[in-house]
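Q: Data: structure_30.csv, CSV, C-alpha atoms.
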```csv
chain,number,residue,atom,x,y,z
A,1,MET,CA,86.5,72.4,99.7
A,2,ILE,CA,84.9,75.3,101.4
A,3,VAL,CA,88.3,76.4,102.8
A,4,SER,CA,89.9,76.2,99.4
A,5,VAL,CA,87.2,78.5,98.0
A,6,GLN,CA,87.7,80.9,100.9
A,7,LEU,CA,91.4,80.9,100.4
A,8,LYS,CA,91.1,81.7,96.8
A,9,GLN,CA,88.9,84.6,97.6
A,10,LEU,CA,91.3,85.8,100.3
A,11,LYS,CA,94.2,85.7,97.9
A,12,THR,CA,92.2,87.8,95.4
A,13,GLU,CA,91.3,90.4,98.1
A,14,LEU,CA,94.8,90.6,99.5
A,15,SER,CA,96.2,91.1,96.0
A,16,ALA,CA,93.9,94.1,95.6
A,17,GLU,CA,94.8,95.3,99.1
A,18,LEU,CA,98.5,95.2,98.3
A,19,GLU,CA,97.9,97.5,95.3
A,20,ASN,CA,95.8,99.8,97.6
A,21,ILE,CA,98.6,100.0,100.2
A,22,LEU,CA,101.3,100.8,97.7
A,23,ASP,CA,99.0,103.2,95.9
A,24,TYR,CA,98.4,105.1,99.1
A,25,TRP,CA,102.1,105.5,99.8
A,26,SER,CA,102.8,106.3,96.2
A,27,LYS,CA,100.3,109.2,96.3
A,28,ASN,CA,100.8,110.5,99.8
A,29,SER,CA,104.3,109.9,101.1
A,30,ILE,CA,106.5,111.4,98.4
A,31,ASP,CA,108.2,114.5,99.7
A,32,ILE,CA,108.3,116.8,96.7
A,33,GLN,CA,109.6,119.8,98.7
A,34,ASP,CA,112.5,118.2,100.7
A,35,ASP,CA,113.1,115.0,98.7
A,36,GLY,CA,112.6,111.4,99.9
A,37,PHE,CA,109.4,110.8,101.9
A,38,VAL,CA,107.5,112.9,104.3
A,39,GLY,CA,108.2,112.3,108.0
A,40,GLN,CA,104.7,112.2,109.2
A,41,ILE,CA,101.0,112.1,108.1
A,42,ASP,CA,98.6,112.4,111.0
A,43,HIS,CA,95.3,110.5,111.4
A,44,ASN,CA,93.4,113.3,109.6
A,45,GLU,CA,95.7,112.9,106.5
A,46,ASN,CA,97.6,116.1,107.3
A,47,VAL,CA,101.2,116.1,106.2
A,48,ILE,CA,103.3,117.5,109.1
A,49,GLY,CA,105.8,119.8,107.5
A,50,ASN,CA,109.4,119.7,108.6
A,51,ALA,CA,108.7,116.5,110.6
A,52,GLU,CA,111.8,114.5,111.5
A,53,LYS,CA,112.4,111.5,109.2
A,54,GLY,CA,113.1,108.1,110.7
A,55,ALA,CA,115.5,105.5,109.4
A,56,VAL,CA,113.1,102.7,110.1
A,57,LEU,CA,110.3,104.3,108.1
A,58,ASN,CA,112.6,104.8,105.1
A,59,ALA,CA,114.1,101.3,105.3
A,60,ARG,CA,110.6,99.8,105.5
A,61,ILE,CA,109.4,101.8,102.5
A,62,LEU,CA,112.4,100.5,100.6
A,63,TRP,CA,111.6,96.9,101.5
A,64,SER,CA,107.9,97.2,100.8
A,65,PHE,CA,108.2,98.7,97.3
A,66,SER,CA,111.1,96.4,96.4
A,67,SER,CA,109.1,93.3,97.5
A,68,GLY,CA,105.8,94.6,96.2
A,69,TYR,CA,107.3,95.3,92.8
A,70,GLN,CA,108.1,91.6,92.4
A,71,VAL,CA,104.3,90.9,92.5
A,72,THR,CA,102.8,94.0,90.9
A,73,LYS,CA,105.5,94.5,88.2
A,74,LYS,CA,104.6,98.2,88.1
A,75,GLU,CA,107.5,100.4,87.1
A,76,GLU,CA,106.2,103.1,89.4
A,77,HIS,CA,106.8,100.8,92.4
A,78,LYS,CA,110.3,100.1,91.2
A,79,LYS,CA,111.0,103.8,90.9
A,80,ILE,CA,109.8,104.5,94.4
A,81,ALA,CA,112.0,101.7,95.7
A,82,GLN,CA,114.9,103.4,93.9
A,83,ARG,CA,114.0,106.7,95.5
A,84,ALA,CA,114.0,105.1,98.9
A,85,PHE,CA,117.4,103.5,98.2
A,86,GLU,CA,119.0,106.7,97.1
A,87,TYR,CA,117.5,108.6,100.1
A,88,LEU,CA,118.6,106.0,102.6
A,89,SER,CA,122.1,105.6,101.2
A,90,ASN,CA,122.7,109.3,100.6
A,91,HIS,CA,121.3,110.7,103.9
A,92,PHE,CA,120.9,108.0,106.5
A,93,TYR,CA,124.0,105.9,105.9
A,94,ASP,CA,126.9,107.3,107.9
A,95,THR,CA,129.9,107.0,105.7
A,96,GLU,CA,132.2,108.3,108.4
A,97,PHE,CA,131.5,105.8,111.1
A,98,GLY,CA,129.8,103.1,109.1
A,99,GLY,CA,126.4,103.1,110.9
A,100,LEU,CA,123.0,104.6,110.3
A,101,PHE,CA,121.5,107.8,111.6
A,102,TRP,CA,118.3,107.0,113.7
A,103,SER,CA,116.7,110.2,112.2
A,104,ILE,CA,117.4,113.2,110.0
A,105,ASN,CA,115.8,116.6,109.8
A,106,ALA,CA,113.6,117.5,106.8
A,107,ASP,CA,116.5,119.4,105.3
A,108,LYS,CA,118.5,116.1,105.3
A,109,THR,CA,120.9,117.0,108.1
A,110,PRO,CA,121.4,114.4,110.8
A,111,LYS,CA,119.2,114.8,113.9
A,112,ASP,CA,119.5,111.7,116.1
A,113,THR,CA,122.8,110.1,115.2
A,114,LYS,CA,122.7,107.1,117.6
A,115,ASN,CA,123.3,103.6,116.1
A,116,GLN,CA,120.1,101.7,117.1
A,117,ILE,CA,120.8,98.2,115.9
A,118,TYR,CA,117.2,97.7,115.1
A,119,ALA,CA,117.4,100.4,112.5
A,120,LEU,CA,120.6,99.0,111.0
A,121,ALA,CA,118.8,95.6,110.7
A,122,PHE,CA,115.9,97.1,108.8
A,123,ALA,CA,118.3,98.9,106.5
A,124,ILE,CA,119.9,95.5,105.7
A,125,TYR,CA,116.5,94.0,105.2
A,126,GLY,CA,115.4,96.7,102.7
A,127,LEU,CA,118.7,97.0,100.9
A,128,SER,CA,119.0,93.3,100.3
A,129,GLU,CA,115.4,93.2,98.9
A,130,TYR,CA,116.2,96.2,96.7
A,131,TYR,CA,119.2,94.3,95.3
A,132,VAL,CA,116.9,91.6,94.1
A,133,ILE,CA,115.0,93.9,91.8
A,134,SER,CA,117.9,96.3,90.8
A,135,LYS,CA,121.2,94.3,91.0
A,136,GLU,CA,122.5,97.6,92.4
A,137,GLU,CA,125.9,96.6,93.8
A,138,LYS,CA,126.0,99.7,96.1
A,139,ALA,CA,122.9,98.4,97.8
A,140,LEU,CA,124.5,95.0,98.5
A,141,GLU,CA,127.7,96.7,99.5
A,142,ILE,CA,126.0,98.9,102.2
A,143,ALA,CA,124.0,95.9,103.4
A,144,ILE,CA,127.1,93.9,103.9
A,145,ASN,CA,128.9,96.8,105.5
A,146,LEU,CA,126.1,97.3,108.0
A,147,TYR,CA,126.1,93.5,108.8
A,148,LEU,CA,129.9,93.7,109.5
A,149,GLU,CA,129.4,96.7,111.7
A,150,ILE,CA,126.7,94.9,113.8
A,151,GLN,CA,129.0,91.9,114.2
A,152,LYS,CA,132.0,94.1,115.1
A,153,HIS,CA,130.2,96.4,117.7
A,154,SER,CA,126.9,94.8,118.8
A,155,TYR,CA,127.7,91.1,119.0
A,156,ASP,CA,128.5,89.7,122.4
A,157,PRO,CA,131.2,87.0,121.8
A,158,GLU,CA,131.2,85.9,125.4
A,159,LYS,CA,127.5,85.5,126.3
A,160,LYS,CA,126.1,85.6,122.8
A,161,GLY,CA,123.3,87.8,121.5
A,162,TYR,CA,123.4,91.5,120.5
A,163,PHE,CA,123.5,94.8,122.3
A,164,GLU,CA,120.8,97.3,121.6
A,165,ALA,CA,122.4,100.7,120.8
A,166,PHE,CA,125.5,102.8,120.6
A,167,THR,CA,126.6,106.4,120.0
A,168,ARG,CA,127.4,107.5,116.4
A,169,ASP,CA,131.0,106.5,116.9
A,170,TRP,CA,130.1,103.1,118.5
A,171,GLN,CA,130.6,104.1,122.2
A,172,PRO,CA,128.2,102.9,125.0
A,173,ILE,CA,125.0,104.8,125.3
A,174,GLU,CA,122.8,105.3,128.4
A,175,ASP,CA,119.3,105.2,126.7
A,176,LEU,CA,119.1,102.0,124.8
A,177,ARG,CA,115.3,102.0,124.2
A,178,LEU,CA,113.6,101.8,120.8
A,179,SER,CA,110.7,103.9,122.2
A,180,ASP,CA,109.4,105.3,125.5
A,181,LYS,CA,107.3,102.2,126.2
A,182,ASP,CA,110.3,99.8,126.2
A,183,ALA,CA,112.4,98.7,129.1
A,184,ASN,CA,115.9,100.2,129.0
A,185,GLU,CA,117.7,96.8,128.7
A,186,LYS,CA,120.8,95.7,126.8
A,187,LYS,CA,119.3,92.7,125.0
A,188,THR,CA,115.8,92.6,123.6
A,189,MET,CA,113.6,90.1,121.7
A,190,ASN,CA,112.5,92.7,119.2
A,191,THR,CA,115.9,93.6,118.1
A,192,HIS,CA,117.1,90.0,117.9
A,193,LEU,CA,114.0,89.1,115.9
A,194,HIS,CA,114.8,91.7,113.3
A,195,ILE,CA,118.5,91.1,113.1
A,196,VAL,CA,117.9,87.5,112.2
A,197,GLU,CA,115.2,88.6,109.7
A,198,ALA,CA,117.7,91.0,108.1
A,199,TYR,CA,120.5,88.5,108.1
A,200,ALA,CA,118.3,85.9,106.5
A,201,ASN,CA,117.2,88.3,103.8
A,202,LEU,CA,120.8,89.2,103.1
A,203,PHE,CA,121.8,85.5,102.9
A,204,LYS,CA,119.3,85.0,100.1
A,205,VAL,CA,121.3,87.3,97.9
A,206,TRP,CA,124.8,86.8,99.4
A,207,LYS,CA,125.6,83.2,100.2
A,208,ASP,CA,128.4,83.9,102.7
A,209,LYS,CA,129.2,81.0,105.0
A,210,THR,CA,130.0,83.2,108.0
A,211,LEU,CA,126.7,85.0,107.6
A,212,GLN,CA,125.0,81.6,107.5
A,213,ASN,CA,126.7,80.5,110.7
A,214,ASP,CA,125.7,83.8,112.3
A,215,ILE,CA,122.0,83.2,111.4
A,216,ILE,CA,122.2,79.7,112.9
A,217,GLU,CA,123.8,80.9,116.1
A,218,LEU,CA,121.2,83.7,116.4
A,219,LEU,CA,118.3,81.3,116.0
A,220,GLN,CA,119.9,79.1,118.7
A,221,THR,CA,120.2,82.1,121.0
A,222,ILE,CA,116.6,83.2,120.4
A,223,GLU,CA,115.4,79.6,121.2
A,224,LYS,CA,117.5,79.5,124.3
A,225,HIS,CA,116.6,82.8,125.8
A,226,PHE,CA,113.6,84.5,124.2
A,227,ILE,CA,111.2,81.6,123.7
A,228,ASN,CA,109.5,80.4,126.8
A,229,THR,CA,108.8,76.8,125.9
A,230,GLU,CA,106.6,76.3,129.0
A,231,THR,CA,104.1,79.0,128.1
A,232,GLY,CA,104.9,79.4,124.3
A,233,HIS,CA,105.1,83.2,124.7
A,234,LEU,CA,108.2,85.3,124.1
A,235,ARG,CA,110.4,86.8,126.8
A,236,LEU,CA,111.1,90.4,125.8
A,237,PHE,CA,113.9,92.0,127.9
A,238,PHE,CA,117.2,90.9,129.3
A,239,ASP,CA,120.3,92.5,130.7
A,240,GLU,CA,123.8,91.7,129.3
A,241,ASN,CA,124.0,88.6,131.4
A,242,TRP,CA,120.7,87.2,130.2
A,243,ILE,CA,118.8,88.0,133.4
A,244,GLU,CA,115.2,88.6,132.4
A,245,LYS,CA,113.3,91.7,133.2
A,246,PRO,CA,109.7,90.4,133.2
A,247,ASP,CA,107.3,92.4,131.0
A,248,VAL,CA,104.0,92.1,129.1
A,249,ILE,CA,102.9,89.3,126.8
A,250,SER,CA,103.0,90.8,123.3
A,251,TYR,CA,100.5,88.9,121.2
A,252,GLY,CA,101.7,90.7,118.1
A,253,HIS,CA,105.3,89.7,118.6
A,254,ASP,CA,104.3,86.2,119.5
A,255,ILE,CA,102.5,85.6,116.3
A,256,GLU,CA,105.0,87.5,114.2
A,257,ALA,CA,107.9,85.4,115.6
A,258,ALA,CA,105.9,82.2,115.1
A,259,TRP,CA,106.2,82.3,111.3
A,260,LEU,CA,109.2,84.6,110.8
A,261,LEU,CA,111.6,82.6,112.8
A,262,LEU,CA,110.7,79.4,111.0
A,263,GLN,CA,111.2,81.3,107.7
A,264,CYS,CA,114.7,82.3,108.9
A,265,ALA,CA,115.4,78.7,109.9
A,266,GLU,CA,114.4,77.5,106.5
A,267,ILE,CA,116.7,80.1,104.9
A,268,SER,CA,119.6,79.0,107.2
A,269,GLU,CA,119.2,75.4,105.7
A,270,ASP,CA,119.8,74.0,109.2
A,271,GLN,CA,117.5,70.9,109.4
A,272,SER,CA,117.5,70.6,113.2
A,273,LEU,CA,116.5,74.3,113.5
A,274,ILE,CA,113.8,73.9,110.9
A,275,ALA,CA,112.3,71.0,112.8
A,276,ALA,CA,112.5,72.9,116.1
A,277,TYR,CA,111.0,76.1,114.7
A,278,LYS,CA,108.1,74.2,113.1
A,279,LYS,CA,107.2,73.1,116.6
A,280,HIS,CA,107.6,76.6,118.0
A,281,ALA,CA,105.5,78.0,115.2
A,282,VAL,CA,102.5,75.9,116.1
A,283,GLN,CA,102.9,76.3,119.9
A,284,MET,CA,103.3,80.1,119.6
A,285,ALA,CA,100.2,80.3,117.3
A,286,GLU,CA,98.2,78.2,119.7
A,287,VAL,CA,99.0,80.3,122.7
A,288,THR,CA,98.4,83.6,120.8
A,289,LYS,CA,94.8,82.4,120.5
A,290,GLU,CA,94.5,83.7,124.1
A,291,GLY,CA,94.6,87.2,122.7
A,292,LEU,CA,91.9,86.7,120.1
A,293,ASP,CA,88.6,88.6,120.6
A,294,SER,CA,85.2,87.2,119.5
A,295,ASP,CA,85.2,89.7,116.7
A,296,GLY,CA,88.3,88.2,115.1
A,297,GLY,CA,90.7,90.9,116.2
A,298,LEU,CA,93.9,90.2,118.1
A,299,TRP,CA,94.5,92.3,121.2
A,300,TYR,CA,97.8,94.2,121.6
A,301,GLU,CA,99.3,93.1,124.9
A,302,PHE,CA,98.5,91.5,128.2
A,303,ASP,CA,100.1,92.7,131.4
A,304,ALA,CA,100.5,89.5,133.5
A,305,GLU,CA,101.8,91.4,136.5
A,306,LYS,CA,98.7,93.5,136.7
A,307,ASN,CA,96.4,90.8,135.2
A,308,GLN,CA,95.3,93.5,132.8
A,309,LEU,CA,94.6,93.5,129.1
A,310,VAL,CA,96.0,96.3,127.0
A,311,ALA,CA,92.6,96.7,125.3
A,312,GLU,CA,93.8,98.0,121.9
A,313,LYS,CA,93.9,96.3,118.5
A,314,HIS,CA,96.8,97.7,116.5
A,315,TRP,CA,97.1,97.4,112.7
A,316,TRP,CA,100.4,95.6,112.7
A,317,VAL,CA,99.2,93.0,115.2
A,318,GLN,CA,96.4,92.0,112.8
A,319,ALA,CA,98.8,91.9,109.9
A,320,GLU,CA,101.1,89.5,111.6
A,321,ALA,CA,98.1,87.4,112.8
A,322,LEU,CA,97.1,86.8,109.2
A,323,ILE,CA,100.5,85.3,108.4
A,324,GLY,CA,101.1,83.5,111.7
A,325,PHE,CA,97.8,81.7,111.8
A,326,TYR,CA,97.9,80.8,108.1
A,327,ASN,CA,101.4,79.4,108.7
A,328,ALA,CA,100.0,77.2,111.5
A,329,TYR,CA,97.2,76.0,109.2
A,330,HIS,CA,99.8,75.1,106.6
A,331,LEU,CA,101.9,73.2,109.1
A,332,THR,CA,99.0,71.3,110.7
A,333,GLY,CA,96.1,71.2,108.3
A,334,ASP,CA,93.9,72.3,111.2
A,335,GLU,CA,91.1,74.3,109.6
A,336,ASN,CA,90.5,76.1,112.9
A,337,TYR,CA,93.6,78.1,112.1
A,338,ALA,CA,92.3,78.9,108.7
A,339,ASP,CA,89.0,80.1,110.3
A,340,ILE,CA,91.0,82.5,112.5
A,341,VAL,CA,92.6,83.9,109.4
A,342,PHE,CA,89.3,84.5,107.6
A,343,LYS,CA,87.7,86.0,110.7
A,344,ASN,CA,90.7,88.2,111.3
A,345,TRP,CA,90.6,89.5,107.7
A,346,ASP,CA,87.0,90.3,108.1
A,347,PHE,CA,87.9,92.3,111.3
A,348,ILE,CA,90.6,94.2,109.4
A,349,LYS,CA,88.2,95.0,106.6
A,350,ASN,CA,85.5,96.2,109.0
A,351,HIS,CA,87.6,98.2,111.5
A,352,ILE,CA,91.2,98.7,110.4
A,353,LEU,CA,91.1,99.5,106.7
A,354,ASP,CA,90.5,103.2,105.9
A,355,ALA,CA,87.9,102.7,103.1
A,356,LYS,CA,87.8,106.5,102.4
A,357,ASN,CA,91.4,107.5,102.3
A,358,GLY,CA,93.3,104.3,102.0
A,359,GLU,CA,96.0,102.5,104.2
A,360,TRP,CA,95.2,101.1,107.6
A,361,PHE,CA,94.2,103.0,110.7
A,362,TRP,CA,96.6,102.7,113.7
A,363,GLY,CA,93.9,100.6,115.4
A,364,ILE,CA,90.9,100.7,117.7
A,365,TYR,CA,90.1,100.7,121.4
A,366,ARG,CA,87.8,98.2,123.1
A,367,ASP,CA,84.7,100.4,122.3
A,368,TYR,CA,85.7,100.4,118.5
A,369,SER,CA,86.7,104.1,118.6
A,370,LEU,CA,89.8,104.9,116.5
A,371,ILE,CA,93.2,105.2,118.0
A,372,GLU,CA,94.1,108.7,116.6
A,373,LYS,CA,97.7,108.2,115.7
A,374,ASP,CA,99.8,108.6,112.6
A,375,LYS,CA,98.9,107.2,109.2
A,376,ALA,CA,102.6,107.5,108.4
A,377,GLY,CA,105.5,108.2,110.7
A,378,PHE,CA,108.3,106.8,112.7
A,379,TRP,CA,106.4,103.6,113.5
A,380,LYS,CA,103.6,103.7,110.9
A,381,CYS,CA,105.0,102.2,107.8
A,382,PRO,CA,103.8,100.0,104.8
A,383,TYR,CA,105.9,97.1,106.0
A,384,HIS,CA,103.6,94.9,108.2
A,385,ASN,CA,100.4,95.2,106.1
A,386,SER,CA,102.1,94.9,102.7
A,387,ARG,CA,104.1,91.9,104.0
A,388,ALA,CA,101.0,90.2,105.2
A,389,CYS,CA,99.5,90.6,101.7
A,390,LEU,CA,102.7,89.4,100.0
A,391,GLU,CA,103.2,86.4,102.3
A,392,LEU,CA,99.7,85.1,101.8
A,393,ILE,CA,99.8,85.8,98.1
A,394,HIS,CA,102.9,83.6,97.9
A,395,ARG,CA,101.7,81.0,100.3
A,396,ILE,CA,98.1,80.4,99.1
A,397,LYS,CA,98.5,78.0,96.2
A,398,THR,CA,94.8,77.6,95.3
```
So, in terms of structure tokens, how does the structure I just supplied come out?
A:
Amino acid sequence: MIVSVQLKQLKTELSAELENILDYWSKNSIDIQDDGFVGQIDHNENVIGNAEKGAVLNARILWSFSSGYQVTKKEEHKKIAQRAFEYLSNHFYDTEFGGLFWSINADKTPKDTKNQIYALAFAIYGLSEYYVISKEEKALEIAINLYLEIQKHSYDPEKKGYFEAFTRDWQPIEDLRLSDKDANEKKTMNTHLHIVEAYANLFKVWKDKTLQNDIIELLQTIEKHFINTETGHLRLFFDENWIEKPDVISYGHDIEAAWLLLQCAEISEDQSLIAAYKKHAVQMAEVTKEGLDSDGGLWYEFDAEKNQLVAEKHWWVQAEALIGFYNAYHLTGDENYADIVFKNWDFIKNHILDAKNGEWFWGIYRDYSLIEKDKAGFWKCPYHNSRACLELIHRIKT
């Protein structure tokens, strides 16, 4: 009974927070001067003029407002989704080679023209969500085209899985990394996770049998290579032959994958995968508890080789913890998981939410000082936190 009351209160607070997040981006991210959305807002709320604009940021804005509109029903949110769609399709989508520019300049000219498959996946994710609210055929058409390009160029028919990145004209590229912190390897957990996420979202609006089979194979590949069933943690980096390059334990990705892969399995309609990923969801949530601090926050990463904690608590890790641990509670009925959710939300309210300006801070260090990184930018988007609100709003039935 107590848990039921707490969940009802949590749902109320997350509904309000969803509005707050979308309100922040509505007021602060619109680029009046150069169209679309600003490329960067620093931790002091300063808009960085002429900042380069990333495809991932724009695709995630598109998804967040498309998905958010389905709950808020605010026309303003639908209009921002439309703005994001038009900007992405007109300036990031590469009509010549069929890919997606990684970034563009403020004046809308291409800057980094590589085809990073991660970015294409997020474009599919956002475009398919926009199609739900708009029935805009062009959005669905581009999403399908990007899916076909990934299958044509990135898919490894021999050893399965997907390669990371290519030049604009789909030639091999030396630097495959998403960011400086990543290993320069050809197959990564992060990209596979978001390809299957994107494909599953596309399948919800485009019931193509080949796509469904691709989702099933992808989930099988992830289970075979990326999930360490002995430890419950994810393996992150591999070469083209599936030889692992050991790396950190990423608590945020563990708990994100825990719920997201099960959701993709459910969308695939493959009963054996659904059963398998239910087990993975609980095991991964259980081992992620290793990264919980006494204050309810979830640490970023653990470097097993150095036996050293990366003592930071990032906003997106907390957002994924809300969903992943609630999902474990839903699957097991174990109220300990619900308690983790409540405690994590208290931590977010106390240390991650920016009560003065809105949105969520990047995170905090061990001593609770702020990590002074972007409020909006290449990697600071409204996707993780709005999705946490949306998922729990939909999942909590009390």
Q: Which one of A:Ala328, A:Val38, A:Leu218, A:Ile227 sits closest to Asp107 of chain A if you count all atoms listed in the file?
A: A:Val38
Q: Quick one: residues within 10 Å of Leu211 of chain A, only C-alpha atoms counted, chain neighbours fewer than 5 positions away excluded, as a PDB file with C-alpha atoms, in the coordinates of the input?
A:
```pdb
ATOM      1  CA  ILE A 144     127.100  93.900 103.900  1.00  0.00           C
ATOM      2  CA  TYR A 147     126.100  93.500 108.800  1.00  0.00           C
ATOM      3  CA  LEU A 148     129.900  93.700 109.500  1.00  0.00           C
ATOM      4  CA  GLN A 151     129.000  91.900 114.200  1.00  0.00           C
ATOM      5  CA  TYR A 199     120.500  88.500 108.100  1.00  0.00           C
ATOM      6  CA  ALA A 200     118.300  85.900 106.500  1.00  0.00           C
ATOM      7  CA  LEU A 202     120.800  89.200 103.100  1.00  0.00           C
ATOM      8  CA  PHE A 203     121.800  85.500 102.900  1.00  0.00           C
ATOM      9  CA  TRP A 206     124.800  86.800  99.400  1.00  0.00           C
ATOM     10  CA  ILE A 216     122.200  79.700 112.900  1.00  0.00           C
ATOM     11  CA  GLU A 217     123.800  80.900 116.100  1.00  0.00           C
ATOM     12  CA  SER A 268     119.600  79.000 107.200  1.00  0.00           C
TER      13      SER A 268
END
```
Q: Determine, counting only C-alpha atoms, which protein, DNA and RNA residues have an atom within 8 Å of an atom of Glu359 of chain A; residues of the same chain fewer than 5 positions away are not included. Present the result as a PyMOL selection string.
A: chain A and resi 20-21+24+353-354+375
Q: How many Å separate atom CA of Leu322 of chain A from atom CA of Lys278 of chain A?
A: 17.2 Å
Q: Taking all atoms listed in the file into account, name the residue in A:Asn344, A:Gln220, A:Gln308, A:Asn336 that is nearest to Leu261 of chain A.
A: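 Among the listed residues, the smallest separation from Leu261 of chain A belongs to A:Gln220.
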Q: Taking into account only C-alpha atoms, which residue in the set A:Ala285, A:Ile340, A:Ile32, A:Met189 is nearest to Val47 of chain A?
A: A:Ile32
Q: For Ile173 of chain A, which residue among A:Gln263, A:Ile150, A:Thr398, A:Thr113 is the nearest when counting all atoms listed in the file?
A: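 Distance minimum relative to Ile173 of chain A lands on A:Thr113.
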Q: For the atom pair atom CA of Glu266 of chain A and atom CA of Lys224 of chain A, what is the interatomic distance in Å to one decimal place?
A: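 Separation between atom CA of Glu266 of chain A and atom CA of Lys224 of chain A: 18.2 Å.
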Q: Quick one: everything within 9 Å of His43 of chain A, counting only C-alpha atoms, minus sequence neighbours fewer than 6 positions away in the same chain. Send it as a PyMOL selection string.
A: chain A and resi 361-362+371-376
Q: The selected residues should be written to file as a PDB file, in the frame of the given file (atoms: C-alpha atoms).
A:
```pdb
ATOM      1  CA  PHE A 361      94.200 103.000 110.700  1.00  0.00           C
ATOM      2  CA  TRP A 362      96.600 102.700 113.700  1.00  0.00           C
ATOM      3  CA  ILE A 371      93.200 105.200 118.000  1.00  0.00           C
ATOM      4  CA  GLU A 372      94.100 108.700 116.600  1.00  0.00           C
ATOM      5  CA  LYS A 373      97.700 108.200 115.700  1.00  0.00           C
ATOM      6  CA  ASP A 374      99.800 108.600 112.600  1.00  0.00           C
ATOM      7  CA  LYS A 375      98.900 107.200 109.200  1.00  0.00           C
ATOM      8  CA  ALA A 376     102.600 107.500 108.400  1.00  0.00           C
TER       9      ALA A 376
END
```
Q: Between A:Ala198, A:Tyr300, A:Lys343, A:Val282, which residue has the minimum interatomic distance to His330 of chain A, considering only C-alpha atoms?
A: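 For His330 of chain A, the nearest of the given residues is A:Val282.
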Q: For each of A:Trp259, A:Phe378, A:Asp169, A:Gly291, take the minimum atom-to-atom distance to Ile104 of chain A, counting all atoms listed in the file, then give the residue where this is smallest.
A: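 Closest to Ile104 of chain A, using all atoms listed in the file: A:Phe378.
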Q: Between atom CA of Phe97 of chain A and atom CA of Arg168 of chain A, what is the distance in Å, rounded to a tenth?
A: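 Separating atom CA of Phe97 of chain A from atom CA of Arg168 of chain A is a distance of 6.9 Å.
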